[in-house]
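A.B. asks: My structure is in protein21.txt, and what it holds is compact mmCIF, C-alpha atoms and all ligand atoms:
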# COMPACT_ATOMS: atom_id res chain seq x y z
CA MET S 327 26.71 -80.53 -81.24
CA THR S 328 26.87 -77.18 -79.46
CA THR S 329 24.96 -77.36 -76.20
CA ASN S 330 23.54 -74.56 -74.10
CA ASP S 331 26.26 -75.36 -71.59
CA ASP S 332 28.94 -74.71 -74.21
CA THR S 333 27.33 -71.43 -75.20
CA GLU S 334 27.11 -70.35 -71.57
CA ALA S 335 30.73 -71.33 -71.00
CA LEU S 336 31.81 -69.22 -73.97
CA MET S 337 29.77 -66.25 -72.80
CA ALA S 338 31.26 -66.58 -69.32
CA ALA S 339 34.69 -66.71 -70.93
CA ALA S 340 33.95 -63.50 -72.81
CA ASN S 341 33.40 -61.83 -69.45
CA TYR S 342 36.93 -62.81 -68.48
CA LEU S 343 38.40 -60.76 -71.29
CA PRO S 344 40.39 -57.98 -69.64
CA LYS S 345 38.80 -54.57 -69.22
CA PHE S 346 40.80 -51.40 -68.62
CA ASP S 347 40.14 -48.15 -66.79
CA THR S 348 42.77 -46.18 -68.71
CA LEU S 349 44.51 -46.27 -72.08
CA GLU S 350 47.84 -46.55 -70.22
CA GLU S 351 46.70 -49.79 -68.59
CA GLU S 352 45.49 -51.15 -71.91
CA ARG S 353 48.76 -50.17 -73.64
CA LEU S 354 50.86 -51.83 -70.95
CA HIS S 355 48.73 -54.98 -71.17
CA ARG S 356 49.19 -55.17 -74.96
CA LYS S 357 52.95 -54.62 -74.63
CA GLN S 358 53.25 -57.34 -71.98
CA ARG S 359 51.36 -59.79 -74.17
CA LEU S 360 53.49 -58.75 -77.15
CA ALA S 361 56.80 -59.30 -75.34
CA ALA S 362 55.50 -62.67 -74.09
CA ALA S 363 54.43 -63.66 -77.62
CA TYR S 364 57.93 -62.89 -78.91
CA ARG S 365 59.49 -65.01 -76.14
CA LEU S 366 57.16 -67.87 -77.05
CA PHE S 367 58.01 -67.55 -80.76
CA GLY S 368 61.68 -67.69 -79.76
CA LYS S 369 61.07 -70.72 -77.57
CA PHE S 370 59.24 -72.51 -80.41
CA GLY S 371 62.10 -71.70 -82.83
CA PHE S 372 59.99 -69.50 -85.13
CA ASP S 373 62.82 -66.97 -85.50
CA GLU S 374 64.98 -66.97 -88.63
CA GLY S 375 67.63 -64.26 -88.52
CA ILE S 376 65.90 -60.88 -88.65
CA ALA S 377 62.69 -62.21 -90.26
CA GLY S 378 59.29 -62.32 -88.60
CA HIS S 379 57.33 -59.80 -86.55
CA ILE S 380 54.38 -59.53 -84.24
CA THR S 381 52.69 -56.13 -84.04
CA ALA S 382 50.15 -54.64 -81.65
CA ARG S 383 48.05 -51.60 -82.49
CA ASP S 384 48.38 -48.75 -79.99
CA PRO S 385 45.05 -48.29 -78.12
CA GLU S 386 45.19 -44.49 -78.47
CA ARG S 387 47.08 -43.69 -81.68
CA LEU S 388 45.21 -46.20 -83.77
CA ASP S 389 47.42 -45.95 -86.86
CA HIS S 390 50.57 -46.65 -84.80
CA PHE S 391 51.77 -50.10 -83.80
CA TRP S 392 54.24 -51.65 -81.35
CA VAL S 393 56.86 -54.02 -82.74
CA ASN S 394 60.20 -55.60 -81.92
CA PRO S 395 63.44 -53.63 -82.15
CA PHE S 396 65.29 -54.37 -85.39
CA GLY S 397 67.77 -57.20 -85.01
CA MET S 398 67.02 -58.15 -81.39
CA ASN S 399 66.55 -61.88 -80.77
CA PHE S 400 62.91 -62.77 -79.99
CA SER S 401 64.12 -64.56 -76.85
CA HIS S 402 65.66 -61.39 -75.40
CA ILE S 403 62.79 -58.94 -75.94
CA ARG S 404 61.43 -57.13 -72.86
CA VAL S 405 58.43 -54.80 -72.63
CA SER S 406 60.81 -51.82 -72.40
CA ASP S 407 62.53 -52.83 -75.67
CA LEU S 408 59.38 -52.57 -77.82
CA ILE S 409 59.23 -49.68 -80.27
CA LEU S 410 56.26 -47.66 -81.52
CA VAL S 411 56.05 -47.02 -85.27
CA ASN S 412 53.74 -44.48 -86.94
CA ASP S 413 51.82 -44.78 -90.20
CA THR S 414 54.77 -43.54 -92.26
CA GLY S 415 57.27 -45.97 -90.77
CA GLU S 416 58.96 -43.59 -88.33
CA VAL S 417 59.95 -44.87 -84.89
CA VAL S 418 58.24 -42.46 -82.48
CA GLU S 419 59.09 -44.31 -79.26
CA GLY S 420 62.16 -46.42 -78.56
CA ASP S 421 65.83 -46.34 -79.41
CA TYR S 422 65.94 -48.90 -82.21
CA GLY S 423 65.06 -49.04 -85.89
CA VAL S 424 62.23 -50.99 -87.51
CA ASN S 425 62.59 -53.66 -90.18
CA THR S 426 61.28 -52.24 -93.49
CA ALA S 427 59.46 -55.45 -94.44
CA ALA S 428 57.78 -55.45 -91.04
CA PHE S 429 56.47 -51.93 -91.61
CA VAL S 430 55.38 -52.61 -95.18
CA ILE S 431 53.45 -55.78 -94.35
CA HIS S 432 52.04 -54.94 -90.93
CA SER S 433 51.10 -51.31 -91.60
CA GLN S 434 48.97 -52.40 -94.55
CA VAL S 435 47.32 -55.23 -92.60
CA HIS S 436 46.50 -52.89 -89.71
CA ALA S 437 45.20 -50.25 -92.15
CA ALA S 438 43.02 -52.69 -94.08
CA ARG S 439 41.57 -54.32 -90.96
CA PRO S 440 40.48 -51.81 -88.30
CA ASP S 441 39.09 -54.74 -86.25
CA VAL S 442 42.57 -56.27 -85.96
CA ILE S 443 44.60 -55.44 -82.83
CA ALA S 444 47.56 -57.66 -83.62
CA ALA S 445 49.25 -59.43 -86.51
CA ALA S 446 51.89 -62.17 -86.41
CA HIS S 447 54.22 -63.33 -89.17
CA ALA S 448 57.33 -65.50 -89.05
CA HIS S 449 59.36 -67.78 -91.25
CA SER S 450 58.66 -70.85 -89.13
CA ILE S 451 59.78 -74.14 -90.68
CA TYR S 452 56.46 -75.98 -91.14
CA GLY S 453 54.56 -72.87 -92.20
CA LYS S 454 57.05 -72.00 -94.90
CA SER S 455 57.31 -75.63 -96.02
CA TRP S 456 53.54 -75.83 -96.37
CA SER S 457 53.45 -72.42 -98.11
CA ALA S 458 55.65 -73.83 -100.89
CA LEU S 459 52.75 -76.11 -101.90
CA GLY S 460 50.59 -73.09 -102.75
CA ARG S 461 47.37 -74.44 -101.22
CA LEU S 462 45.09 -74.07 -98.24
CA LEU S 463 45.10 -76.39 -95.23
CA ASP S 464 42.56 -79.23 -95.26
CA PRO S 465 40.22 -80.03 -92.35
CA ILE S 466 42.10 -83.11 -91.15
CA THR S 467 42.21 -82.41 -87.37
CA GLN S 468 39.99 -80.75 -84.80
CA ASP S 469 42.60 -78.01 -84.27
CA VAL S 470 42.98 -77.02 -87.92
CA CYS S 471 39.22 -76.47 -88.12
CA ALA S 472 39.92 -73.06 -86.48
CA PHE S 473 41.02 -72.08 -89.99
CA HIS S 474 38.17 -73.76 -91.88
CA GLU S 475 36.81 -71.24 -94.41
CA ASP S 476 38.77 -68.60 -92.47
CA HIS S 477 42.18 -68.54 -94.12
CA ALA S 478 43.41 -67.53 -97.54
CA LEU S 479 46.33 -68.00 -99.92
CA PHE S 480 48.47 -65.13 -101.21
CA ASP S 481 49.26 -66.91 -104.45
CA ASP S 482 52.22 -64.83 -105.55
CA TYR S 483 55.85 -64.31 -104.65
CA THR S 484 57.84 -61.27 -105.77
CA GLY S 485 60.85 -61.16 -103.43
CA VAL S 486 61.14 -59.56 -100.00
CA VAL S 487 58.08 -57.37 -99.37
CA LEU S 488 59.55 -53.83 -99.46
CA ASP S 489 56.89 -52.05 -101.51
CA LEU S 490 53.73 -50.69 -99.90
CA GLU S 491 51.68 -51.82 -102.92
CA GLU S 492 52.80 -55.39 -102.25
CA GLY S 493 51.79 -54.97 -98.60
CA LYS S 494 48.36 -53.81 -99.78
CA ARG S 495 47.97 -56.84 -102.07
CA LEU S 496 48.91 -59.11 -99.21
CA ALA S 497 46.34 -57.46 -96.92
CA HIS S 498 43.76 -57.79 -99.71
CA ALA S 499 44.48 -61.54 -99.92
CA LEU S 500 43.96 -61.86 -96.15
CA GLY S 501 40.50 -60.35 -96.62
CA GLY S 502 38.29 -60.69 -93.55
CA GLY S 503 39.90 -63.93 -92.36
CA LYS S 504 42.20 -64.78 -89.46
CA ALA S 505 45.16 -66.02 -91.50
CA VAL S 506 46.86 -66.02 -94.86
CA ILE S 507 49.43 -68.41 -96.29
CA LEU S 508 52.05 -66.40 -98.18
CA ARG S 509 53.23 -68.69 -100.98
CA ASN S 510 56.96 -69.54 -100.80
CA HIS S 511 57.24 -67.35 -97.68
CA GLY S 512 55.28 -68.37 -94.57
CA LEU S 513 52.20 -67.69 -92.46
CA LEU S 514 50.52 -64.52 -91.23
CA THR S 515 47.75 -64.44 -88.63
CA VAL S 516 45.66 -61.67 -87.08
CA GLY S 517 43.43 -61.30 -84.03
CA HIS S 518 41.32 -59.02 -81.87
CA SER S 519 44.05 -59.31 -79.24
CA VAL S 520 47.78 -60.02 -79.21
CA ASP S 521 46.92 -63.27 -77.45
CA GLU S 522 44.65 -64.36 -80.27
CA ALA S 523 47.00 -63.46 -83.14
CA ALA S 524 49.89 -65.26 -81.43
CA TRP S 525 47.77 -68.34 -80.69
CA TRP S 526 46.50 -68.61 -84.26
CA PHE S 527 50.08 -68.46 -85.49
CA ILE S 528 51.26 -71.16 -83.08
CA THR S 529 48.39 -73.53 -83.81
CA MET S 530 48.53 -72.86 -87.58
CA GLU S 531 52.24 -73.69 -87.65
CA ARG S 532 51.45 -76.97 -85.86
CA SER S 533 48.57 -77.62 -88.26
CA CYS S 534 50.98 -77.29 -91.18
CA GLN S 535 53.26 -79.78 -89.42
CA ALA S 536 50.33 -82.16 -88.86
CA GLN S 537 49.23 -82.09 -92.49
CA LEU S 538 52.78 -82.52 -93.77
CA LEU S 539 53.23 -85.53 -91.44
CA ALA S 540 49.87 -87.10 -92.22
CA SER S 541 50.24 -86.58 -95.98
CA ALA S 542 53.74 -88.05 -95.93
CA ALA S 543 52.37 -91.19 -94.25
CA GLY S 544 49.24 -91.68 -96.34
CA ASP S 545 45.97 -90.09 -97.43
CA PRO S 546 44.43 -88.18 -94.50
CA VAL S 547 40.68 -88.64 -93.95
CA LEU S 548 38.94 -85.29 -94.24
CA ILE S 549 36.44 -84.10 -91.64
CA GLU S 550 32.99 -83.74 -93.26
CA PRO S 551 32.28 -80.11 -94.30
CA GLU S 552 29.36 -79.74 -91.88
CA MET S 553 31.42 -81.08 -88.98
CA ALA S 554 34.36 -78.88 -89.98
CA LYS S 555 32.03 -75.87 -89.91
CA LEU S 556 30.67 -76.81 -86.49
CA THR S 557 34.17 -77.39 -85.12
CA ALA S 558 35.30 -74.04 -86.54
CA SER S 559 32.59 -72.35 -84.48
CA GLN S 560 33.86 -74.18 -81.40
CA VAL S 561 37.64 -73.76 -81.68
CA GLY S 562 37.93 -70.79 -84.04
CA SER S 563 36.23 -67.95 -82.16
CA HIS S 564 37.97 -64.82 -80.88
CA VAL S 565 37.36 -65.94 -77.30
CA SER S 566 38.68 -69.43 -78.00
CA GLY S 567 41.84 -67.95 -79.51
CA TYR S 568 42.30 -65.64 -76.52
CA LEU S 569 41.76 -68.41 -73.97
CA SER S 570 44.06 -70.86 -75.73
CA PHE S 571 46.97 -68.44 -75.34
CA GLN S 572 46.57 -68.02 -71.56
CA PRO S 573 48.36 -71.23 -70.44
CA LEU S 574 51.29 -70.28 -72.68
CA TYR S 575 51.37 -66.76 -71.25
CA GLU S 576 51.42 -68.12 -67.68
CA LYS S 577 54.18 -70.55 -68.60
CA ILE S 578 56.49 -68.05 -70.28
CA VAL S 579 56.06 -65.40 -67.56
CA ARG S 580 56.92 -67.98 -64.89
CA GLU S 581 59.94 -69.20 -66.87
CA GLN S 582 61.18 -65.80 -68.08
CA PRO S 583 59.81 -63.10 -65.74
CA ASP S 584 62.32 -60.52 -67.06
CA LEU S 585 60.18 -60.22 -70.19
CA LEU S 586 57.93 -57.90 -68.18
CA ASP S 587 60.80 -55.45 -67.45
ZN ZN K 601 58.46 -62.61 -94.06
Can you present the structure in this file as C-alpha cells?
Ligand SMILES: [Zn+2]
C.D. replies:
Amino acid sequence: MTTNDDTEALMAAANYLPKFDTLEEERLHRKQRLAAAYRLFGKFGFDEGIAGHITARDPERLDHFWVNPFGMNFSHIRVSDLILVNDTGEVVEGDYGVNTAAFVIHSQVHAARPDVIAAAHAHSIYGKSWSALGRLLDPITQDVCAFHEDHALFDDYTGVVLDLEEGKRLAHALGGGKAVILRNHGLLTVGHSVDEAAWWFITMERSCQAQLLASAAGDPVLIEPEMAKLTASQVGSHVSGYLSFQPLYEKIVREQPDLLD
C-alpha cells in the first residue's frame, strides 16, 4: 500500500530534480548525462557494431537532438564528441556523421512525443531475444512492473529502419508509453530526462533476461493485476526512473571521469 510517507518521499525527490538558470547549463547537463548513458551501455555490453543510439532533445532548438558520432564505440564517447542533428537529419554541430537509422527512428519518436526529452534503443542480447517472441513482458517481478500497462509491441519487421514512414509507424506503436518492443529487433525506451530513458532501457533489458530465465526454468507466477498496477505507480514514475539512474551515473563518472571532457 502507498503510505503518506511514500508520497512525501516522492514529492521530496521531485524537488531534487535539477533546475537550471540558463539553457547552456541545461544543455551541458543533458550532454553529460547522455555521454554517461553511452558509457554505461558500453559497460553493460549493449553495443552491437554500429547499432543502437541514445538521443537527447536540445533544450533550445526543440526539434534538434544530440546523439553519438557515427561509428564511435559507446565506451569512448565524451561530452565533446556528441553531435547535434536537426529535423532534416543534418549534423549542425560536431565533426562526425549520423547513422541514418538513428535519425529515422529517433527523429520520429521525438516529433511524436513532445514530452519526451530522451530516447534509447540498442540491440542488447536479452531485449532482442525477447523481441523475437513477439509479445509483451508479463508482471513476474517487482522491477518489471515499471512497464505494466506502459509498454507496447511494434508487431512488424521490414528490415533496417531507413524510411521515415517506418519511423512514424514505430513512434505510433510506442504511443504514450515509456517503451516499445520492436519485434525481431530490440527495445526502445523514452523518458522525461536522459537519466530516465537510460534507466528504463537498462531495467527493461534485465526484465527480459529475468523472464527468459524464469520461463526456461518453469511457469512464472504472475503478480495479481491490482498489485501490478500499484507496483507500477511505485517503481514506474518519472521521478523513480530519474532516481534509479543516479547511482549508475555516480559510478560511471568515478570510474571514467574522461567522459565529461
Ligand atoms: Zn536498431
A.B. asks: Please provide as a list in words all residues within 8 Å of S:Ser457, with the sequence filter that same-chain residues fewer than 2 positions apart are discarded (counting only C-alpha atoms).
C.D. replies: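 Result of the neighbour search: Gly453, Lys454, Ser455, Leu459, Gly460, Arg461, Ile507, Leu508, Arg509, Asn510, His511, Gly512 and Leu513 of chain S.
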A.B. asks: Kindly compile the residues surrounding ligand ZN 601 (chain K) within 10 Å, counting only C-alpha atoms and all ligand atoms, and format them as a short mmCIF file (atom, residue, chain, number, x, y, z; two decimals) with C-alpha atoms, in the frame of the given file.
C.D. replies:
data_model
loop_
_atom_site.label_atom_id
_atom_site.label_comp_id
_atom_site.auth_asym_id
_atom_site.auth_seq_id
_atom_site.Cartn_x
_atom_site.Cartn_y
_atom_site.Cartn_z
CA GLU S 374 64.98 -66.97 -88.63
CA ILE S 376 65.90 -60.88 -88.65
CA ALA S 377 62.69 -62.21 -90.26
CA GLY S 378 59.29 -62.32 -88.60
CA HIS S 379 57.33 -59.80 -86.55
CA ALA S 427 59.46 -55.45 -94.44
CA ALA S 428 57.78 -55.45 -91.04
CA ILE S 431 53.45 -55.78 -94.35
CA HIS S 447 54.22 -63.33 -89.17
CA ALA S 448 57.33 -65.50 -89.05
CA HIS S 449 59.36 -67.78 -91.25
CA SER S 450 58.66 -70.85 -89.13
CA LYS S 454 57.05 -72.00 -94.90
CA GLY S 485 60.85 -61.16 -103.43
CA VAL S 486 61.14 -59.56 -100.00
CA VAL S 487 58.08 -57.37 -99.37
CA LEU S 508 52.05 -66.40 -98.18
CA ASN S 510 56.96 -69.54 -100.80
CA HIS S 511 57.24 -67.35 -97.68
CA GLY S 512 55.28 -68.37 -94.57
CA LEU S 513 52.20 -67.69 -92.46
CA LEU S 514 50.52 -64.52 -91.23
#
A.B. asks: Please identify all polymer residues within 9 Å of S:Ala499, counting only C-alpha atoms, omitting same-chain residues fewer than 2 positions from it, and present them as a compact mmCIF listing (two decimals) with C-alpha atoms, in the coordinates of the input.
C.D. replies:
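Written output follows (part33.txt):
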# COMPACT_ATOMS: atom_id res chain seq x y z
CA ALA S 478 43.41 -67.53 -97.54
CA LEU S 479 46.33 -68.00 -99.92
CA PHE S 480 48.47 -65.13 -101.21
CA ASP S 481 49.26 -66.91 -104.45
CA LYS S 494 48.36 -53.81 -99.78
CA ARG S 495 47.97 -56.84 -102.07
CA LEU S 496 48.91 -59.11 -99.21
CA ALA S 497 46.34 -57.46 -96.92
CA GLY S 501 40.50 -60.35 -96.62
CA GLY S 502 38.29 -60.69 -93.55
CA VAL S 506 46.86 -66.02 -94.86
A.B. asks: Closest to S:Pro573 among S:Val424, S:Ala361, S:Leu366, S:Val561, using only C-alpha atoms?
C.D. replies: S:Leu366
A.B. asks: What does the structure give for the distance between atom CA of S:Ser533 and atom CA of S:Asp545, in Å to one decimal?
C.D. replies: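 About the pair atom CA of S:Ser533 and atom CA of S:Asp545: they are 15.7 Å apart.
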A.B. asks: Please determine, counting all atoms listed in the file, which residue among S:Val547, S:Leu490, S:Val417, S:Leu539 has the shortest atom-to-atom distance to S:Ile466.
C.D. replies: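 For S:Ile466, the nearest of the candidates is S:Val547.
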A.B. asks: Determine the nearest neighbour of S:Phe370 from the options S:Asp347, S:Phe400, S:Asp441, S:Ala472, counting all atoms listed in the file.
C.D. replies: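 Ranking S:Asp347, S:Phe400, S:Asp441, S:Ala472 by distance to S:Phe370, first place goes to S:Phe400.
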A.B. asks: I'd like the interatomic distance between atom CA of S:Ala382 and atom CA of S:Trp525, to a tenth of an Å.
C.D. replies: 13.9 Å
A.B. asks: Name the residues in contact with S:Gly503 at a cut-off of 9 Å, using only C-alpha atoms, excluding same-chain residues fewer than 2 positions from it; report them as a list in words.
C.D. replies: Phe473, Glu475, Asp476, His477, Ala478, Leu500, Gly501, Ala505, Val506, Thr515 and Val516 of chain S
A.B. asks: Would you mind listing what lies within 6 Å of stretch 407-416 of chain S as number ranges by chain, with all atoms listed in the file counted and same-chain residues fewer than 4 positions away left out?
C.D. replies: S: 389-394, 420
A.B. asks: Would you write out those residues with C-alpha atoms, as a PDB file, keeping the file's coordinate frame?
C.D. replies:
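Listing of out_26.pdb after writing:
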ATOM      1  CA  ASP S 389      47.420 -45.950 -86.860  1.00  0.00           C
ATOM      2  CA  HIS S 390      50.570 -46.650 -84.800  1.00  0.00           C
ATOM      3  CA  PHE S 391      51.770 -50.100 -83.800  1.00  0.00           C
ATOM      4  CA  TRP S 392      54.240 -51.650 -81.350  1.00  0.00           C
ATOM      5  CA  VAL S 393      56.860 -54.020 -82.740  1.00  0.00           C
ATOM      6  CA  ASN S 394      60.200 -55.600 -81.920  1.00  0.00           C
ATOM      7  CA  GLY S 420      62.160 -46.420 -78.560  1.00  0.00           C
TER       8      GLY S 420
END
A.B. asks: For S:Asp464, which of S:His432, S:Leu586, S:Ser541, S:Tyr364 is the closest residue, counting all atoms listed in the file?
C.D. replies: S:Ser541
A.B. asks: Taking only C-alpha atoms into account, which of S:Lys345, S:His564, S:Arg353, S:Arg365 comes nearest S:Ser519?
C.D. replies: S:His564
